[in-house]
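Trainee: start04.txt is reproduced below (compact mmCIF, C-alpha atoms and all ligand atoms).
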```txt
# COMPACT_ATOMS: atom_id res chain seq x y z
CA MET W 985 -30.50 -28.37 71.23
CA SER W 986 -31.44 -27.56 67.66
CA THR W 987 -30.78 -30.12 64.98
CA GLU W 988 -31.20 -27.56 62.19
CA PHE W 989 -27.93 -27.66 60.31
CA ARG W 990 -26.63 -24.53 58.74
CA SER W 991 -25.98 -24.14 55.04
CA ASP W 992 -22.64 -22.93 53.69
CA SER W 993 -24.01 -19.44 53.26
CA ASP W 994 -25.08 -19.43 56.92
CA ILE W 995 -21.72 -20.73 58.07
CA LEU W 996 -19.48 -18.61 55.88
CA GLY W 997 -21.70 -15.67 55.00
CA ARG W 998 -21.26 -16.47 51.29
CA ALA W 999 -22.71 -18.93 48.84
CA SER W 1000 -19.47 -20.61 47.83
CA LEU W 1001 -16.06 -21.13 49.32
CA ASP W 1002 -14.16 -19.21 46.63
CA ASP W 1003 -16.62 -16.34 46.11
CA LEU W 1004 -14.23 -13.54 45.16
CA ASP W 1005 -16.62 -10.62 45.76
CA ALA W 1006 -17.59 -11.87 49.20
CA ILE W 1007 -13.95 -12.43 50.18
CA MET W 1008 -12.98 -8.95 49.00
CA ASP W 1009 -15.92 -7.43 50.88
CA ILE W 1010 -14.42 -8.40 54.22
CA SER W 1011 -12.08 -5.67 55.28
CA ASN W 1012 -11.03 -4.04 58.51
CA HIS W 1013 -12.72 -0.65 58.72
CA ASP W 1014 -11.55 0.53 62.10
CA VAL W 1015 -7.77 0.45 61.65
CA ASP W 1016 -7.43 3.77 63.49
CA GLU W 1017 -9.30 2.62 66.61
CA VAL W 1018 -7.19 1.83 69.66
CA ILE W 1019 -9.88 -0.27 71.37
CA HIS W 1020 -12.07 -3.03 69.91
CA THR W 1021 -14.95 -4.35 72.06
CA VAL W 1022 -16.52 -7.82 71.75
CA LYS W 1023 -19.35 -9.29 73.91
CA ASP W 1024 -18.19 -12.58 75.38
CA ASN W 1025 -21.70 -13.85 76.30
CA ALA W 1026 -20.55 -16.36 78.91
CA ASP W 1027 -21.32 -17.41 82.48
CA ALA W 1028 -18.43 -17.43 84.94
CA ILE W 1029 -18.45 -20.81 86.66
CA PHE W 1030 -17.21 -21.62 90.17
CA THR W 1031 -16.51 -25.21 91.09
CA TRP W 1032 -16.51 -26.44 94.69
CA ASP W 1033 -14.76 -29.64 93.64
CA TYR W 1034 -11.14 -28.76 94.42
CA GLU W 1035 -9.70 -32.24 93.98
CA LYS W 1036 -6.38 -31.55 92.27
CA GLY W 1037 -5.37 -34.19 89.76
CA ALA W 1038 -8.88 -35.55 89.15
CA ARG W 1039 -7.82 -35.17 85.51
CA PRO W 1040 -4.24 -36.49 85.63
CA ALA W 1041 -3.26 -35.43 82.10
CA LEU W 1042 -4.30 -31.82 82.77
CA ASN W 1043 -2.58 -31.86 86.16
CA LYS W 1044 0.63 -33.07 84.53
CA LEU W 1045 0.40 -30.27 81.99
CA TYR W 1046 -0.14 -27.71 84.78
CA GLU W 1047 2.89 -28.93 86.74
CA LYS W 1048 4.96 -28.82 83.54
CA ALA W 1049 3.79 -25.27 82.77
CA LYS W 1050 4.69 -23.98 86.23
CA GLY W 1051 8.28 -25.10 85.75
CA ALA W 1052 8.62 -23.89 82.16
CA GLN W 1053 7.93 -20.17 82.57
CA TRP W 1054 10.46 -17.84 80.97
CA ASN W 1055 11.04 -14.11 80.91
CA GLY W 1056 10.82 -12.35 77.56
CA GLU W 1057 13.00 -9.48 78.77
CA THR W 1058 15.89 -11.50 80.17
CA ASP W 1059 15.85 -14.87 78.42
CA LEU W 1060 16.18 -13.35 74.94
CA ASP W 1061 19.16 -11.29 73.77
CA TRP W 1062 17.57 -8.03 72.62
CA SER W 1063 21.00 -6.49 71.92
CA ILE W 1064 21.17 -8.48 68.66
CA GLU W 1065 20.91 -6.13 65.65
CA VAL W 1066 18.39 -7.18 63.01
CA ASP W 1067 18.40 -6.28 59.32
CA PRO W 1068 14.79 -6.92 58.13
CA SER W 1069 15.99 -7.88 54.66
CA GLN W 1070 18.21 -10.62 56.13
CA VAL W 1071 15.69 -12.25 58.48
CA LEU W 1072 14.68 -14.75 55.82
CA SER W 1073 18.04 -14.63 54.06
CA ALA W 1074 17.89 -18.28 53.04
CA LEU W 1075 15.31 -17.12 50.53
CA SER W 1076 15.77 -14.52 47.83
CA GLY W 1077 14.00 -13.21 44.74
CA SER W 1078 10.70 -14.87 43.99
CA ASN W 1079 11.60 -17.76 46.32
CA ALA W 1080 11.02 -15.36 49.19
CA ALA W 1081 7.47 -14.73 48.05
CA GLY W 1082 6.35 -18.20 49.08
CA PRO W 1083 2.88 -19.03 47.81
CA PHE W 1084 2.66 -15.91 45.65
CA ALA W 1085 5.58 -16.86 43.41
CA VAL W 1086 3.36 -19.37 41.59
CA LEU W 1087 1.45 -16.42 40.14
CA ALA W 1088 4.52 -14.80 38.58
CA GLU W 1089 4.23 -16.70 35.30
CA HIS W 1090 0.55 -15.96 34.75
CA PRO W 1091 -0.04 -13.52 31.84
CA ASP W 1092 -2.33 -11.33 33.97
CA SER W 1093 -0.12 -11.48 37.03
CA PRO W 1094 0.31 -8.22 38.96
CA PHE W 1095 3.83 -9.55 39.61
CA LYS W 1096 4.92 -10.03 36.01
CA HIS W 1097 7.14 -6.93 36.07
CA PHE W 1098 8.66 -7.80 39.44
CA GLY W 1099 12.45 -7.95 39.61
CA ASP W 1100 14.59 -9.03 42.56
CA LYS W 1101 14.08 -5.66 44.26
CA GLU W 1102 10.29 -5.98 44.26
CA TRP W 1103 10.35 -9.62 45.32
CA ASP W 1104 12.67 -8.73 48.20
CA GLU W 1105 10.36 -5.89 49.22
CA LEU W 1106 7.42 -8.28 49.13
CA ALA W 1107 9.36 -10.73 51.31
CA VAL W 1108 10.04 -8.05 53.94
CA GLU W 1109 6.45 -6.76 53.89
CA SER W 1110 5.10 -10.32 54.13
CA LEU W 1111 7.36 -10.94 57.11
CA LYS W 1112 6.14 -7.80 58.89
CA TRP W 1113 2.57 -8.75 58.07
CA ARG W 1114 3.01 -12.30 59.39
CA MET W 1115 4.71 -11.20 62.59
CA SER W 1116 1.96 -8.58 63.10
CA GLN W 1117 -0.75 -11.23 62.69
CA PHE W 1118 1.10 -13.48 65.14
CA MET W 1119 1.03 -10.62 67.64
CA HIS W 1120 -2.70 -9.96 67.16
CA GLY W 1121 -3.45 -13.69 67.30
CA GLU W 1122 -1.48 -13.93 70.55
CA GLN W 1123 -3.70 -11.24 72.05
CA GLY W 1124 -6.70 -13.28 70.92
CA ALA W 1125 -5.21 -16.24 72.80
CA LEU W 1126 -4.64 -14.09 75.89
CA ILE W 1127 -8.31 -13.09 75.94
CA CYS W 1128 -9.59 -16.59 75.14
CA THR W 1129 -7.61 -18.29 77.88
CA ALA W 1130 -8.71 -15.67 80.42
CA LYS W 1131 -12.26 -16.57 79.34
CA ILE W 1132 -11.53 -20.30 79.72
CA VAL W 1133 -10.37 -19.71 83.31
CA GLU W 1134 -13.87 -18.34 84.00
CA THR W 1135 -15.98 -20.74 81.99
CA VAL W 1136 -14.45 -24.24 82.19
CA PRO W 1137 -16.08 -26.26 85.00
CA TRP W 1138 -13.01 -28.35 86.02
CA ILE W 1139 -10.46 -27.16 88.60
CA ASP W 1140 -7.47 -28.81 86.85
CA ALA W 1141 -8.41 -26.97 83.65
CA LYS W 1142 -8.80 -23.62 85.45
CA TYR W 1143 -5.35 -24.09 86.98
CA TYR W 1144 -3.76 -24.94 83.66
CA ALA W 1145 -5.56 -22.15 81.76
CA ALA W 1146 -4.23 -19.66 84.31
CA THR W 1147 -0.66 -20.60 83.35
CA GLN W 1148 -1.57 -20.17 79.72
CA VAL W 1149 -2.84 -16.63 80.37
CA MET W 1150 0.68 -15.79 81.57
CA ASP W 1151 2.24 -17.57 78.57
CA GLU W 1152 0.10 -15.58 76.15
CA ALA W 1153 0.88 -12.27 77.86
CA ARG W 1154 4.55 -13.08 77.35
CA HIS W 1155 3.95 -13.97 73.69
CA VAL W 1156 2.13 -10.72 72.96
CA GLU W 1157 4.94 -8.89 74.75
CA VAL W 1158 7.80 -10.48 72.78
CA PHE W 1159 6.17 -10.19 69.35
CA ALA W 1160 5.25 -6.56 70.06
CA LYS W 1161 8.79 -5.82 71.19
CA TYR W 1162 10.35 -7.52 68.18
CA LEU W 1163 8.12 -5.56 65.80
CA ASP W 1164 8.71 -2.30 67.64
CA GLU W 1165 12.48 -2.57 67.93
CA LYS W 1166 13.56 -4.76 65.02
CA LEU W 1167 10.94 -4.71 62.28
CA PRO W 1168 9.22 -1.33 62.14
CA GLY W 1169 6.02 -1.07 60.10
CA THR W 1170 3.45 -3.09 62.06
CA TYR W 1171 0.27 -4.10 60.22
CA PRO W 1172 -3.25 -3.85 61.68
CA ILE W 1173 -5.13 -7.08 62.30
CA ASN W 1174 -6.20 -8.92 59.16
CA ALA W 1175 -9.94 -8.65 58.51
CA HIS W 1176 -10.49 -12.42 58.33
CA LEU W 1177 -8.49 -13.11 61.48
CA LYS W 1178 -10.43 -10.40 63.31
CA MET W 1179 -13.73 -11.93 62.22
CA LEU W 1180 -12.61 -15.35 63.43
CA LEU W 1181 -11.38 -14.09 66.82
CA ASP W 1182 -14.63 -12.16 67.34
CA ASP W 1183 -16.68 -15.29 66.53
CA ILE W 1184 -14.68 -17.41 68.96
CA ILE W 1185 -15.00 -14.89 71.79
CA GLU W 1186 -18.71 -14.24 71.20
CA ASP W 1187 -19.70 -17.91 71.45
CA SER W 1188 -21.28 -18.66 74.84
CA ARG W 1189 -20.29 -22.36 74.97
CA TRP W 1190 -17.05 -22.99 76.88
CA ASP W 1191 -15.85 -25.73 74.57
CA MET W 1192 -16.09 -23.44 71.53
CA THR W 1193 -13.40 -21.19 72.97
CA TYR W 1194 -11.19 -24.25 73.16
CA LEU W 1195 -12.08 -25.49 69.70
CA GLY W 1196 -11.61 -22.12 68.03
CA MET W 1197 -8.51 -21.02 69.86
CA GLN W 1198 -6.67 -24.08 71.25
CA ILE W 1199 -7.30 -26.40 68.31
CA MET W 1200 -7.73 -24.20 65.24
CA VAL W 1201 -5.88 -20.90 65.77
CA GLU W 1202 -3.10 -22.32 67.93
CA GLY W 1203 -2.76 -25.45 65.81
CA LEU W 1204 -2.13 -23.26 62.79
CA ALA W 1205 0.20 -21.00 64.76
CA LEU W 1206 2.29 -23.95 65.92
CA ALA W 1207 2.80 -25.07 62.31
CA ALA W 1208 3.49 -21.49 61.11
CA PHE W 1209 6.02 -20.83 63.90
CA GLY W 1210 7.74 -24.09 62.99
CA PHE W 1211 8.18 -23.01 59.36
CA MET W 1212 9.49 -19.61 60.30
CA TYR W 1213 11.87 -21.19 62.79
CA GLN W 1214 13.28 -23.40 60.03
CA LEU W 1215 13.50 -20.56 57.52
CA THR W 1216 15.31 -17.98 59.63
CA GLU W 1217 18.92 -17.81 60.74
CA GLU W 1218 18.29 -14.53 62.58
CA PRO W 1219 19.37 -15.58 66.09
CA LEU W 1220 16.96 -13.43 68.13
CA LEU W 1221 13.88 -14.47 66.16
CA LYS W 1222 15.03 -18.08 66.15
CA GLN W 1223 15.30 -18.17 69.93
CA LEU W 1224 12.05 -16.26 70.37
CA LEU W 1225 10.18 -18.77 68.20
CA ARG W 1226 11.84 -21.73 69.87
CA TYR W 1227 10.59 -20.59 73.28
CA VAL W 1228 7.14 -19.58 72.04
CA MET W 1229 6.70 -22.99 70.37
CA SER W 1230 7.70 -24.70 73.59
CA ASP W 1231 4.65 -23.04 75.21
CA GLU W 1232 2.34 -23.44 72.20
CA ALA W 1233 2.77 -27.20 72.04
CA ARG W 1234 1.41 -27.36 75.61
CA HIS W 1235 -1.48 -25.12 74.66
CA VAL W 1236 -2.62 -27.31 71.79
CA ALA W 1237 -2.25 -30.38 74.04
CA PHE W 1238 -4.51 -28.65 76.60
CA GLY W 1239 -7.18 -28.27 73.93
CA VAL W 1240 -6.93 -31.85 72.73
CA LEU W 1241 -6.91 -33.38 76.23
CA SER W 1242 -9.86 -31.30 77.47
CA LEU W 1243 -12.08 -31.65 74.44
CA LYS W 1244 -11.42 -35.36 74.02
CA GLU W 1245 -13.21 -35.99 77.31
CA TYR W 1246 -16.05 -33.58 76.58
CA TYR W 1247 -16.68 -34.59 72.96
CA ALA W 1248 -16.94 -38.26 73.88
CA GLU W 1249 -20.29 -37.37 75.52
CA LEU W 1250 -21.80 -35.26 72.74
CA SER W 1251 -24.55 -36.33 70.35
CA ASP W 1252 -24.07 -36.36 66.58
CA ALA W 1253 -26.14 -33.16 66.30
CA GLU W 1254 -23.92 -31.41 68.84
CA MET W 1255 -20.79 -32.69 67.10
CA ARG W 1256 -22.09 -31.36 63.80
CA GLU W 1257 -22.24 -27.85 65.30
CA ARG W 1258 -18.59 -28.22 66.33
CA GLN W 1259 -17.68 -29.45 62.85
CA GLU W 1260 -19.31 -26.40 61.30
CA PHE W 1261 -17.41 -24.14 63.64
CA ALA W 1262 -14.11 -25.87 62.81
CA PHE W 1263 -14.81 -25.57 59.09
CA GLU W 1264 -15.65 -21.89 59.39
CA ALA W 1265 -12.42 -21.30 61.29
CA ALA W 1266 -10.41 -23.19 58.65
CA VAL W 1267 -11.86 -21.05 55.86
CA ARG W 1268 -11.23 -17.79 57.74
CA MET W 1269 -7.62 -18.83 58.27
CA ARG W 1270 -7.20 -19.75 54.62
CA ASP W 1271 -8.65 -16.36 53.57
CA ARG W 1272 -6.35 -14.61 55.99
CA PHE W 1273 -3.32 -15.84 54.02
CA LEU W 1274 -4.44 -13.86 51.01
CA GLN W 1275 -2.76 -11.05 53.06
CA GLN W 1276 -4.82 -8.27 51.52
CA GLU W 1277 -3.20 -5.61 53.73
CA VAL W 1278 0.20 -6.24 52.11
CA TRP W 1279 -1.16 -5.62 48.62
CA ASP W 1280 -2.72 -2.36 49.79
CA ARG W 1281 0.58 -1.20 51.23
CA MET W 1282 2.58 -2.21 48.14
CA GLY W 1283 0.10 -0.79 45.66
CA VAL W 1284 -0.53 -4.18 44.06
CA ASP W 1285 -4.01 -5.00 42.69
CA LYS W 1286 -5.28 -7.16 45.55
CA ARG W 1287 -8.43 -8.26 43.77
CA LYS W 1288 -6.34 -9.64 40.89
CA VAL W 1289 -3.93 -11.41 43.26
CA THR W 1290 -6.84 -12.96 45.13
CA GLU W 1291 -8.65 -13.95 41.95
CA LEU W 1292 -5.55 -15.69 40.56
CA LEU W 1293 -4.71 -17.35 43.85
CA LEU W 1294 -8.18 -18.84 44.12
CA GLN W 1295 -7.61 -20.45 40.70
CA VAL W 1296 -4.37 -22.21 41.69
CA PRO W 1297 -5.06 -25.93 42.23
CA LYS W 1298 -5.18 -26.56 45.99
CA GLU W 1299 -2.46 -29.23 45.78
CA GLU W 1300 0.00 -26.63 44.45
CA MET W 1301 -0.48 -24.40 47.48
CA ILE W 1302 1.84 -26.59 49.49
CA PHE W 1303 2.89 -24.05 52.10
CA GLN W 1304 -0.68 -23.02 52.77
CA GLN W 1305 -1.82 -26.64 53.03
CA LEU W 1306 0.99 -27.52 55.43
CA LEU W 1307 -0.30 -24.93 57.88
CA PHE W 1308 -3.13 -27.40 58.52
CA SER W 1309 -0.77 -30.25 59.35
CA LYS W 1310 -1.42 -29.96 63.11
CA ILE W 1311 -5.10 -29.07 62.93
CA VAL W 1312 -6.33 -32.05 60.91
CA PRO W 1313 -4.82 -34.86 63.07
CA ASN W 1314 -6.05 -33.11 66.21
CA CYS W 1315 -9.58 -32.85 64.79
CA LYS W 1316 -9.35 -36.55 63.97
CA LYS W 1317 -8.25 -37.39 67.50
CA LEU W 1318 -11.29 -35.49 68.83
CA GLY W 1319 -13.64 -37.51 66.62
CA LEU W 1320 -14.54 -34.40 64.63
CA LEU W 1321 -13.63 -35.74 61.19
CA ASP W 1322 -15.97 -38.71 61.18
CA ALA W 1323 -18.86 -37.75 63.47
CA ALA W 1324 -22.17 -36.83 61.81
CA ASP W 1325 -21.52 -38.96 58.72
CA GLY W 1326 -18.07 -37.54 58.15
CA TRP W 1327 -19.26 -34.01 57.42
CA LEU W 1328 -15.95 -32.38 58.34
CA ARG W 1329 -13.91 -35.00 56.48
CA THR W 1330 -15.74 -34.03 53.29
CA ARG W 1331 -15.14 -30.32 53.91
CA PHE W 1332 -11.45 -30.85 54.63
CA GLU W 1333 -11.24 -32.80 51.36
CA GLU W 1334 -12.71 -29.80 49.56
CA ILE W 1335 -10.13 -27.39 50.93
CA GLY W 1336 -7.38 -29.92 50.20
CA VAL W 1337 -6.08 -30.65 53.71
CA ILE W 1338 -7.40 -34.13 54.53
CA GLU W 1339 -4.05 -35.73 53.62
CA PHE W 1340 -2.71 -34.71 57.06
CA GLU W 1341 -5.21 -36.79 59.01
CA ASP W 1342 -2.66 -39.45 59.99
CA TRP W 1343 0.17 -37.08 60.91
CA ALA W 1344 1.14 -36.92 64.59
CA ASP W 1345 -1.45 -35.31 66.83
CA THR W 1346 -0.31 -32.88 69.50
CA SER W 1347 -1.62 -34.47 72.70
CA ASP W 1348 1.86 -35.36 73.97
CA GLU W 1349 4.19 -33.70 71.50
CA TYR W 1350 4.78 -30.91 74.02
CA LEU W 1351 7.42 -32.94 75.83
CA ALA W 1352 9.60 -32.93 72.70
CA PHE W 1353 9.09 -29.18 72.20
CA ASP W 1354 10.22 -28.20 75.71
CA ALA W 1355 13.20 -26.01 74.77
CA VAL W 1356 13.04 -24.02 78.01
CA SER W 1357 13.65 -27.05 80.25
CA ALA W 1358 16.30 -28.37 77.83
CA ASP W 1359 18.24 -25.09 78.03
CA ARG W 1360 17.98 -24.99 81.82
CA ALA W 1361 19.19 -28.57 82.15
CA ALA W 1362 22.12 -27.79 79.82
CA ALA W 1363 23.00 -24.64 81.80
CA ALA W 1364 22.83 -26.52 85.12
CA GLY W 1365 25.09 -29.26 83.79
CA ALA W 1366 27.64 -26.86 82.28
FE FE W 1401 0.80 -17.92 72.28
FE FE W 1402 -0.87 -20.34 72.86
```
Would you put the structure from the file into structure tokens?
Ligand SMILES: [Fe+2]
Ligand SMILES: [Fe+2]
Mentor:
Amino acid sequence: MSTEFRSDSDILGRASLDDLDAIMDISNHDVDEVIHTVKDNADAIFTWDYEKGARPALNKLYEKAKGAQWNGETDLDWSIEVDPSQVLSALSGSNAAGPFAVLAEHPDSPFKHFGDKEWDELAVESLKWRMSQFMHGEQGALICTAKIVETVPWIDAKYYAATQVMDEARHVEVFAKYLDEKLPGTYPINAHLKMLLDDIIEDSRWDMTYLGMQIMVEGLALAAFGFMYQLTEEPLLKQLLRYVMSDEARHVAFGVLSLKEYYAELSDAEMRERQEFAFEAAVRMRDRFLQQEVWDRMGVDKRKVTELLLQVPKEEMIFQQLLFSKIVPNCKKLGLLDAADGWLRTRFEEIGVIEFEDWADTSDEYLAFDAVSADRAAAAGA
């Protein structure tokens, strides 16, 4: 294995983290295509070692998953009427604009003429954009876990990953249905998210699918779903998110439990490659939240918004930082922060997310998230 470490420009495709031109250059050019093809470059691996439970933690997760399946058509009440402007009704005016409200006071702000009407429109568009990205990300998870079924060498992991394929199909289904029936105006996939998903799928090494999807993308999704769950009183979305999170907590645990074993055996040079991949994923996810597609749709100067946002001190971007609150402790648990002289720790300091390192990791949090079993137990006891 090569010990040539990559420079930032090799990792990110740009010389510096906040290079405005390079960030603006990344855009999705095939928004009218129905099909997008990516080479997955991997060997499909059989194992003849069928000993079930050789990895007890994965076996436990598999047994849990089998009993926690739910049906998106019948377990959610699709008869509920949804008014898009009321989905995040706890928020109004510039409060609804989340991280973008901090720009309102800036003299060059594209938002300086915004009144309540424009802020409310931004809130609805941002919601549609976020839900659309959740849907596209869920399809990424569907494809990644199907790949893991093929590529992971352990039978307990193949079994578990197979349950996750079903979970992700259900997630794509319910987000697509919610957007179609309740929140018309779906957005295409964000350019940075698309780049990240393509990179994860193209990598030939089985653990990179886990690291990219189960740890980074799903770790961020779990935090983002949690915020939206807290912010909405819309009963259909609330229940949808509650059930999706119940699955997602298992998925992140699957990543942590599998990689913990594998990473314990890797050399520093091999760990450094994983650190670089994790850092790249973190930057793509940060760039994704610049939500360039929303500015295009609203006719707002997206270059100006992006330029101003990049100037906001990282510690003021609280919402954006909190999205990393699951990722950082899980990376720590995997030994990724401090391997190779703490390379990833330094990078997470730079992007302002290291403060989460001692928050709870997700290796057994899934038991607390299990809303599906809780509801069934309550129904059986009623
Ligand atoms: Fe999912
Ligand atoms: Fe998932």
Trainee: Kindly provide the residues of chain W that approach ligand FE 1402 (chain W) to within 7 Å, each paired with its closest atom pair and their distance in Å to one decimal, based on all atoms listed in the file, listed by chain and increasing number, as JSON lines.
Mentor:
```
{"residue": "W:Glu1122", "atom": "CA", "partner": "W:FE1402", "partner_atom": "FE", "distance": 6.8}
{"residue": "W:Ala1125", "atom": "CA", "partner": "W:FE1402", "partner_atom": "FE", "distance": 6.0}
{"residue": "W:Gln1148", "atom": "CA", "partner": "W:FE1402", "partner_atom": "FE", "distance": 6.9}
{"residue": "W:Glu1152", "atom": "CA", "partner": "W:FE1402", "partner_atom": "FE", "distance": 5.9}
{"residue": "W:Glu1202", "atom": "CA", "partner": "W:FE1402", "partner_atom": "FE", "distance": 5.8}
{"residue": "W:Asp1231", "atom": "CA", "partner": "W:FE1402", "partner_atom": "FE", "distance": 6.6}
{"residue": "W:Glu1232", "atom": "CA", "partner": "W:FE1402", "partner_atom": "FE", "distance": 4.5}
{"residue": "W:His1235", "atom": "CA", "partner": "W:FE1402", "partner_atom": "FE", "distance": 5.1}
```
Trainee: Please, which residues have at least one atom within 12 Å of an atom of ligand FE 1401 (chain W), using only C-alpha atoms and all ligand atoms, listed as a count of residues only?
Mentor: 48
Trainee: Which of these residues is nearest to W:Thr1216, using all atoms listed in the file: W:Val1066, W:Ala1038, W:Gly1169, W:Ile1029?
Mentor: W:Val1066
Trainee: Between atom CA of W:Ile1173 and atom CA of W:Trp1062, what is the spacing in Å?
Mentor: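 The value is 25.0 Å.
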Trainee: Restricting the calculation to all atoms listed in the file, which member of W:Gly1319, W:Pro1172, W:Gly1326, W:Gly1210 is positioned closest to W:Val1278?
Mentor: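 For W:Val1278, the nearest of the candidates is W:Pro1172.
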Trainee: Show me the residues around (-10.1, -2.2, 55.4) - criterion: an atom at most 10 Å away, only C-alpha atoms counted - as a PyMOL selection string.
Mentor: chain W and resi 1008-1015+1172-1175+1276-1277+1280
Trainee: Determine, counting only C-alpha atoms, every residue of protein, DNA or RNA that lies within 12 Å of (19.3, -16.5, 64.4) in the file coordinates, then give the result as a list in words.
Mentor: Leu1060, Asp1061, Trp1062, Ile1064, Glu1065, Val1066, Asp1067, Gln1070, Val1071, Leu1072, Ser1073, Ala1074, Met1212, Tyr1213, Gln1214, Leu1215, Thr1216, Glu1217, Glu1218, Pro1219, Leu1220, Leu1221, Lys1222, Gln1223, Leu1224, Leu1225 and Arg1226 of chain W
Trainee: Which of these, W:Leu1250, W:Ala1028, W:Val1267, W:Trp1138, has the shortest distance to W:Asp992 once you count only C-alpha atoms?
Mentor: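 Using only C-alpha atoms, W:Asp992 sits closest to W:Val1267.
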Trainee: Check which residues of stretch 998-1087 of chain W sit at most 8 Å from stretch 1334-1358 of chain W using all atoms listed in the file, and return one row each with the closest pair of atoms and their distance in Å to one decimal, ordered by chain and rising number, as CSV.
Mentor:
```
residue,atom,partner,partner_atom,distance
W:Gly1051,CA,W:Ser1357,CA,7.9
W:Ala1052,CA,W:Val1356,CA,6.1
W:Gln1053,CA,W:Val1356,CA,7.9
W:Trp1054,CA,W:Val1356,CA,7.3
```
Trainee: Using atom CA of W:Lys1050 and atom CA of W:Ala1141 as the two end points, give the distance in Å to one decimal.
Mentor: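 Atom CA of W:Ala1141 lies at a distance of 13.7 Å from atom CA of W:Lys1050.
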Trainee: Please provide as a list in words all residues within 10 Å of W:Leu1167, with the sequence filter that same-chain residues fewer than 2 positions apart are discarded (counting only C-alpha atoms).
Mentor: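 Once the adjacent positions are removed, what remains is Val1066, Asp1067, Pro1068, Ser1069, Val1071, Val1108, Glu1109, Leu1111, Lys1112, Met1115, Ser1116, Ala1160, Lys1161, Tyr1162, Leu1163, Asp1164, Glu1165, Gly1169 and Thr1170 of chain W.
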Trainee: What does the distance from atom CA of W:Lys1142 to atom CA of W:Lys1048 come to in Å, to one decimal?
Mentor: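 The value is 14.8 Å.
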Trainee: For each of W:Lys1244, W:His1020, W:Lys1178, W:Arg1272, take the minimum atom-to-atom distance to W:Leu1318, counting only C-alpha atoms, then give the residue where this is smallest.
Mentor: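 Between W:Lys1244, W:His1020, W:Lys1178, W:Arg1272, the residue approaching W:Leu1318 most closely is W:Lys1244.
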Trainee: Give me the residues within 12 Å of W:Asp1183 as a list in words, counting all atoms listed in the file and dropping any in the same chain fewer than 3 places off.
Mentor: Ile995, Leu996, Val1022, Lys1023, Asp1024, Asn1025, Gly1124, Cys1128, His1176, Leu1177, Lys1178, Met1179, Leu1180, Glu1186, Asp1187, Ser1188, Arg1189, Met1192, Thr1193, Leu1195, Gly1196, Met1197, Phe1261, Ala1262, Glu1264, Ala1265 and Arg1268 of chain W
Trainee: What would the file be for stretch 1050-1067 of chain W if you keep C-alpha atoms and write it as a compact mmCIF listing (two decimals), in the first residue's frame?
Mentor:
```
# COMPACT_ATOMS: atom_id res chain seq x y z
CA LYS W 1050 -35.78 -8.23 11.62
CA GLY W 1051 -38.28 -7.38 14.34
CA ALA W 1052 -38.34 -3.63 13.70
CA GLN W 1053 -39.49 -3.51 10.07
CA TRP W 1054 -42.37 -1.16 9.34
CA ASN W 1055 -44.52 -0.38 6.33
CA GLY W 1056 -44.39 3.14 4.94
CA GLU W 1057 -47.82 2.80 3.35
CA THR W 1058 -49.74 1.55 6.38
CA ASP W 1059 -47.80 2.68 9.46
CA LEU W 1060 -48.01 6.37 8.54
CA ASP W 1061 -51.26 8.33 8.22
CA TRP W 1062 -51.09 9.74 4.69
CA SER W 1063 -54.59 11.23 5.01
CA ILE W 1064 -53.13 14.10 7.08
CA GLU W 1065 -53.30 17.38 5.12
CA VAL W 1066 -50.06 19.37 5.05
CA ASP W 1067 -49.66 23.11 4.54
```
